[in-house]
file upload.pdb (PDB, C-alpha atoms, pLDDT in the B column)
ATOM      1  CA  MET K   1     -32.140 -18.063 -10.011  1.00 83.00           C
ATOM      2  CA  HIS K   2     -35.635 -18.108  -8.519  1.00 89.00           C
ATOM      3  CA  CYS K   3     -38.296 -15.786  -9.850  1.00 91.00           C
ATOM      4  CA  PRO K   4     -39.315 -13.442  -6.981  1.00 93.00           C
ATOM      5  CA  PHE K   5     -42.941 -13.512  -8.191  1.00 94.00           C
ATOM      6  CA  CYS K   6     -43.755 -17.194  -8.828  1.00 94.00           C
ATOM      7  CA  LYS K   7     -40.631 -18.895  -7.374  1.00 92.00           C
ATOM      8  CA  ASN K   8     -39.964 -20.712 -10.664  1.00 92.00           C
ATOM      9  CA  THR K   9     -36.302 -21.741 -11.080  1.00 92.00           C
ATOM     10  CA  ASP K  10     -36.254 -21.384 -14.869  1.00 93.00           C
ATOM     11  CA  THR K  11     -35.230 -17.803 -15.656  1.00 94.00           C
ATOM     12  CA  ARG K  12     -33.385 -16.327 -18.607  1.00 95.00           C
ATOM     13  CA  VAL K  13     -30.841 -13.480 -18.672  1.00 95.00           C
ATOM     14  CA  LEU K  14     -31.815 -10.650 -21.030  1.00 95.00           C
ATOM     15  CA  ASP K  15     -28.992  -8.202 -20.326  1.00 95.00           C
ATOM     16  CA  SER K  16     -25.800  -8.089 -18.243  1.00 94.00           C
ATOM     17  CA  ARG K  17     -23.830  -4.978 -17.316  1.00 93.00           C
ATOM     18  CA  VAL K  18     -20.797  -4.361 -15.165  1.00 89.00           C
ATOM     19  CA  VAL K  19     -21.390  -1.812 -12.384  1.00 87.00           C
ATOM     20  CA  ASP K  20     -19.397  -0.377  -9.464  1.00 79.00           C
ATOM     21  CA  ASP K  21     -16.135  -0.330 -11.454  1.00 73.00           C
ATOM     22  CA  GLY K  22     -16.204  -4.077 -12.003  1.00 72.00           C
ATOM     23  CA  GLY K  23     -17.239  -4.945  -8.455  1.00 75.00           C
ATOM     24  CA  ALA K  24     -20.698  -6.173  -9.440  1.00 85.00           C
ATOM     25  CA  ILE K  25     -22.758  -7.405 -12.382  1.00 91.00           C
ATOM     26  CA  ARG K  26     -26.318  -6.197 -12.948  1.00 94.00           C
ATOM     27  CA  ARG K  27     -28.469  -8.758 -14.771  1.00 95.00           C
ATOM     28  CA  ARG K  28     -31.925  -8.172 -16.221  1.00 96.00           C
ATOM     29  CA  ARG K  29     -33.861 -11.453 -16.144  1.00 96.00           C
ATOM     30  CA  VAL K  30     -37.229 -12.797 -17.301  1.00 96.00           C
ATOM     31  CA  CYS K  31     -39.155 -15.722 -15.839  1.00 95.00           C
ATOM     32  CA  SER K  32     -40.111 -18.370 -18.412  1.00 93.00           C
ATOM     33  CA  ASP K  33     -43.272 -19.237 -16.463  1.00 94.00           C
ATOM     34  CA  CYS K  34     -44.954 -15.936 -15.493  1.00 95.00           C
ATOM     35  CA  GLU K  35     -42.906 -13.817 -17.986  1.00 94.00           C
ATOM     36  CA  LYS K  36     -42.291 -11.071 -15.431  1.00 96.00           C
ATOM     37  CA  ARG K  37     -38.971  -9.255 -15.487  1.00 96.00           C
ATOM     38  CA  PHE K  38     -36.666  -8.577 -12.554  1.00 95.00           C
ATOM     39  CA  THR K  39     -33.139  -7.392 -11.886  1.00 95.00           C
ATOM     40  CA  THR K  40     -30.403  -9.120  -9.920  1.00 93.00           C
ATOM     41  CA  ILE K  41     -27.097  -7.679  -8.806  1.00 91.00           C
ATOM     42  CA  GLU K  42     -24.249 -10.119  -8.299  1.00 89.00           C
ATOM     43  CA  GLN K  43     -21.435  -8.727  -6.199  1.00 83.00           C
ATOM     44  CA  MET K  44     -17.980 -10.186  -6.131  1.00 77.00           C
ATOM     45  CA  GLN K  45     -16.651 -10.619  -2.630  1.00 79.00           C
ATOM     46  CA  LEU K  46     -12.967 -11.264  -2.117  1.00 80.00           C
ATOM     47  CA  MET K  47     -12.279 -13.906   0.498  1.00 79.00           C
ATOM     48  CA  VAL K  48      -9.080 -14.460   2.440  1.00 77.00           C
ATOM     49  CA  ALA K  49      -8.176 -17.850   3.920  1.00 77.00           C
ATOM     50  CA  LYS K  50      -6.188 -17.266   7.090  1.00 80.00           C
ATOM     51  CA  ARG K  51      -3.478 -19.507   8.490  1.00 84.00           C
ATOM     52  CA  SER K  52      -5.895 -20.820  11.106  1.00 89.00           C
ATOM     53  CA  GLY K  53      -8.139 -22.120   8.307  1.00 86.00           C
ATOM     54  CA  ILE K  54     -10.820 -19.491   8.850  1.00 88.00           C
ATOM     55  CA  THR K  55     -12.098 -17.817   5.687  1.00 85.00           C
ATOM     56  CA  GLU K  56     -13.240 -14.221   5.956  1.00 85.00           C
ATOM     57  CA  PRO K  57     -14.054 -11.374   3.571  1.00 86.00           C
ATOM     58  CA  PHE K  58     -11.173  -9.159   2.434  1.00 83.00           C
ATOM     59  CA  ILE K  59     -11.565  -5.780   4.123  1.00 87.00           C
ATOM     60  CA  ARG K  60      -9.427  -3.041   2.623  1.00 88.00           C
ATOM     61  CA  ASP K  61      -9.485  -0.906   5.793  1.00 91.00           C
ATOM     62  CA  LYS K  62      -8.230  -3.841   7.844  1.00 90.00           C
ATOM     63  CA  ALA K  63      -5.347  -4.420   5.417  1.00 88.00           C
ATOM     64  CA  ILE K  64      -4.484  -0.705   5.485  1.00 91.00           C
ATOM     65  CA  ALA K  65      -4.524  -0.713   9.294  1.00 93.00           C
ATOM     66  CA  GLY K  66      -2.013  -3.576   9.308  1.00 91.00           C
ATOM     67  CA  VAL K  67       0.293  -1.765   6.892  1.00 91.00           C
ATOM     68  CA  ARG K  68      -0.114   1.436   8.934  1.00 92.00           C
ATOM     69  CA  LYS K  69       1.135  -0.427  12.033  1.00 93.00           C
ATOM     70  CA  ALA K  70       4.068  -1.818  10.049  1.00 91.00           C
ATOM     71  CA  CYS K  71       4.939   1.700   8.845  1.00 89.00           C
ATOM     72  CA  LYS K  72       4.718   3.286  12.289  1.00 89.00           C
ATOM     73  CA  GLY K  73       7.462   5.862  12.706  1.00 89.00           C
ATOM     74  CA  ARG K  74       8.036   6.165   8.966  1.00 90.00           C
ATOM     75  CA  PRO K  75       6.950   9.060   6.765  1.00 90.00           C
ATOM     76  CA  VAL K  76       3.978   7.396   5.048  1.00 89.00           C
ATOM     77  CA  SER K  77       0.895   9.497   4.395  1.00 91.00           C
ATOM     78  CA  ASP K  78      -2.703   8.340   4.636  1.00 91.00           C
ATOM     79  CA  ASP K  79      -3.033   8.998   0.898  1.00 93.00           C
ATOM     80  CA  GLU K  80      -0.182   6.583   0.146  1.00 92.00           C
ATOM     81  CA  LEU K  81      -1.789   3.936   2.348  1.00 92.00           C
ATOM     82  CA  ALA K  82      -5.175   4.469   0.673  1.00 91.00           C
ATOM     83  CA  ARG K  83      -3.608   4.128  -2.785  1.00 91.00           C
ATOM     84  CA  LEU K  84      -1.814   0.972  -1.650  1.00 91.00           C
ATOM     85  CA  GLY K  85      -5.048  -0.531  -0.328  1.00 88.00           C
ATOM     86  CA  GLN K  86      -6.855   0.287  -3.570  1.00 87.00           C
ATOM     87  CA  LYS K  87      -4.022  -1.157  -5.653  1.00 88.00           C
ATOM     88  CA  VAL K  88      -4.006  -4.417  -3.662  1.00 83.00           C
ATOM     89  CA  GLU K  89      -7.778  -4.782  -3.960  1.00 81.00           C
ATOM     90  CA  ASP K  90      -7.742  -4.001  -7.694  1.00 79.00           C
ATOM     91  CA  THR K  91      -5.012  -6.569  -8.282  1.00 79.00           C
ATOM     92  CA  LEU K  92      -6.918  -9.222  -6.342  1.00 76.00           C
ATOM     93  CA  ARG K  93     -10.076  -8.515  -8.350  1.00 73.00           C
ATOM     94  CA  GLU K  94      -8.175  -8.609 -11.655  1.00 74.00           C
ATOM     95  CA  SER K  95      -6.559 -11.915 -10.742  1.00 69.00           C
ATOM     96  CA  GLY K  96      -9.996 -13.493 -10.472  1.00 62.00           C
ATOM     97  CA  ALA K  97      -8.905 -15.250  -7.298  1.00 52.00           C
ATOM     98  CA  ASP K  98     -11.622 -17.503  -5.955  1.00 51.00           C
ATOM     99  CA  GLY K  99     -10.703 -18.040  -2.363  1.00 44.00           C
ATOM    100  CA  SER K 100      -7.100 -18.843  -3.203  1.00 45.00           C
ATOM    101  CA  LEU K 101      -5.715 -15.851  -1.337  1.00 45.00           C
ATOM    102  CA  ARG K 102      -4.225 -18.182   1.237  1.00 44.00           C
ATOM    103  CA  HIS K 103      -1.494 -16.700   3.409  1.00 40.00           C
ATOM    104  CA  HIS K 104      -0.785 -13.944   0.891  1.00 40.00           C
ATOM    105  CA  ARG K 105      -1.965 -10.926   2.819  1.00 40.00           C
ATOM    106  CA  GLN K 106       1.430  -9.540   3.701  1.00 41.00           C
ATOM    107  CA  PRO K 107       3.400 -10.598   0.592  1.00 40.00           C
ATOM    108  CA  GLY K 108       0.665  -9.086  -1.588  1.00 43.00           C
ATOM    109  CA  CYS K 109       0.839  -5.823   0.311  1.00 45.00           C
ATOM    110  CA  ARG K 110       4.622  -5.804   0.253  1.00 44.00           C
ATOM    111  CA  GLY K 111       4.597  -6.513  -3.451  1.00 45.00           C
ATOM    112  CA  HIS K 112       2.559  -3.380  -4.092  1.00 44.00           C
ATOM    113  CA  GLY K 113       4.201  -1.318  -1.406  1.00 41.00           C
ATOM    114  CA  CYS K 114       7.782  -2.288  -2.190  1.00 38.00           C
ATOM    115  CA  GLN K 115       8.515   1.092  -3.777  1.00 39.00           C
ATOM    116  CA  CYS K 116       7.125   2.851  -0.729  1.00 38.00           C
ATOM    117  CA  PHE K 117       9.156   0.682   1.656  1.00 39.00           C
ATOM    118  CA  TYR K 118      12.268   0.987  -0.521  1.00 35.00           C
ATOM    119  CA  LYS K 119      12.036   4.789  -0.550  1.00 35.00           C
ATOM    120  CA  MET K 120      11.627   4.849   3.219  1.00 35.00           C
ATOM    121  CA  ASP K 121      14.614   2.578   3.859  1.00 36.00           C
ATOM    122  CA  ASN K 122      17.000   4.373   1.504  1.00 33.00           C
TER     123      ASN K 122
END
call {"tool": "encode", "arguments": {"input": "upload.pdb", "output": "structure tokens"}}
result
Amino acid sequence: MHCPFCKNTDTRVLDSRVVDDGGAIRRRRVCSDCEKRFTTIEQMQLMVAKRSGITEPFIRDKAIAGVRKACKGRPVSDDELARLGQKVEDTLRESGADGSLRHHRQPGCRGHGCQCFYKMDN
């Protein structure tokens, strides 16, 4: 990490805290050269590798829109879809996946939504 004041690359972490419900880490740092303190925020970004080989950020709203299209004509509320999207994102974050979400968009959603789909089909 570069010091924003003197551009030195030797910095030391004084304190680390989890923020945004585990979505980011706030670190308090000190430069070993100029001894000034600064804060960095490291955000975890979930990435999805598509079948075409393109890697793009996971976007919850995009996943929900896909499930909404799949559920068209079925009695699924927006609240259920929002909970499903949150559950999928939480599970991906907990898994600590580092770009290994290859081709698992739909199975992951079905895995979390299986109760919803089962209730609708029966």
call {"tool": "resolve_selection", "arguments": {"input": "upload.pdb", "expression": "the PyMOL selection byres ((chain K and resi 81-83) around 10)", "output": "PyMOL selection string"}}
result
chain K and resi 60-61+63-65+67-68+71+76-80+84-89+112-113+116
call {"tool": "resolve_selection", "arguments": {"input": "upload.pdb", "expression": "the PyMOL selection byres ((chain K and resi 7-12) around 7)", "output": "number ranges by chain"}}
result
K: 1-6, 13-14, 29-33
call {"tool": "atom_distance", "arguments": {"input": "upload.pdb", "atom1": "CA of Arg93 (chain K)", "atom2": "CA of Pro75 (chain K)"}}
result
28.8 Å
call {"tool": "atom_distance", "arguments": {"input": "upload.pdb", "atom1": "CA of Leu46 (chain K)", "atom2": "CA of Ala24 (chain K)"}}
result
11.8 Å
call {"tool": "closest_residue", "arguments": {"input": "upload.pdb", "among": "K:Gln45, K:Thr40, K:Ala70, K:Arg26", "to": "Phe58 (chain K)", "atoms": "only C-alpha atoms"}}
result
K:Gln45
call {"tool": "atom_distance", "arguments": {"input": "upload.pdb", "atom1": "CA of Glu94 (chain K)", "atom2": "CA of Lys62 (chain K)"}}
result
20.1 Å
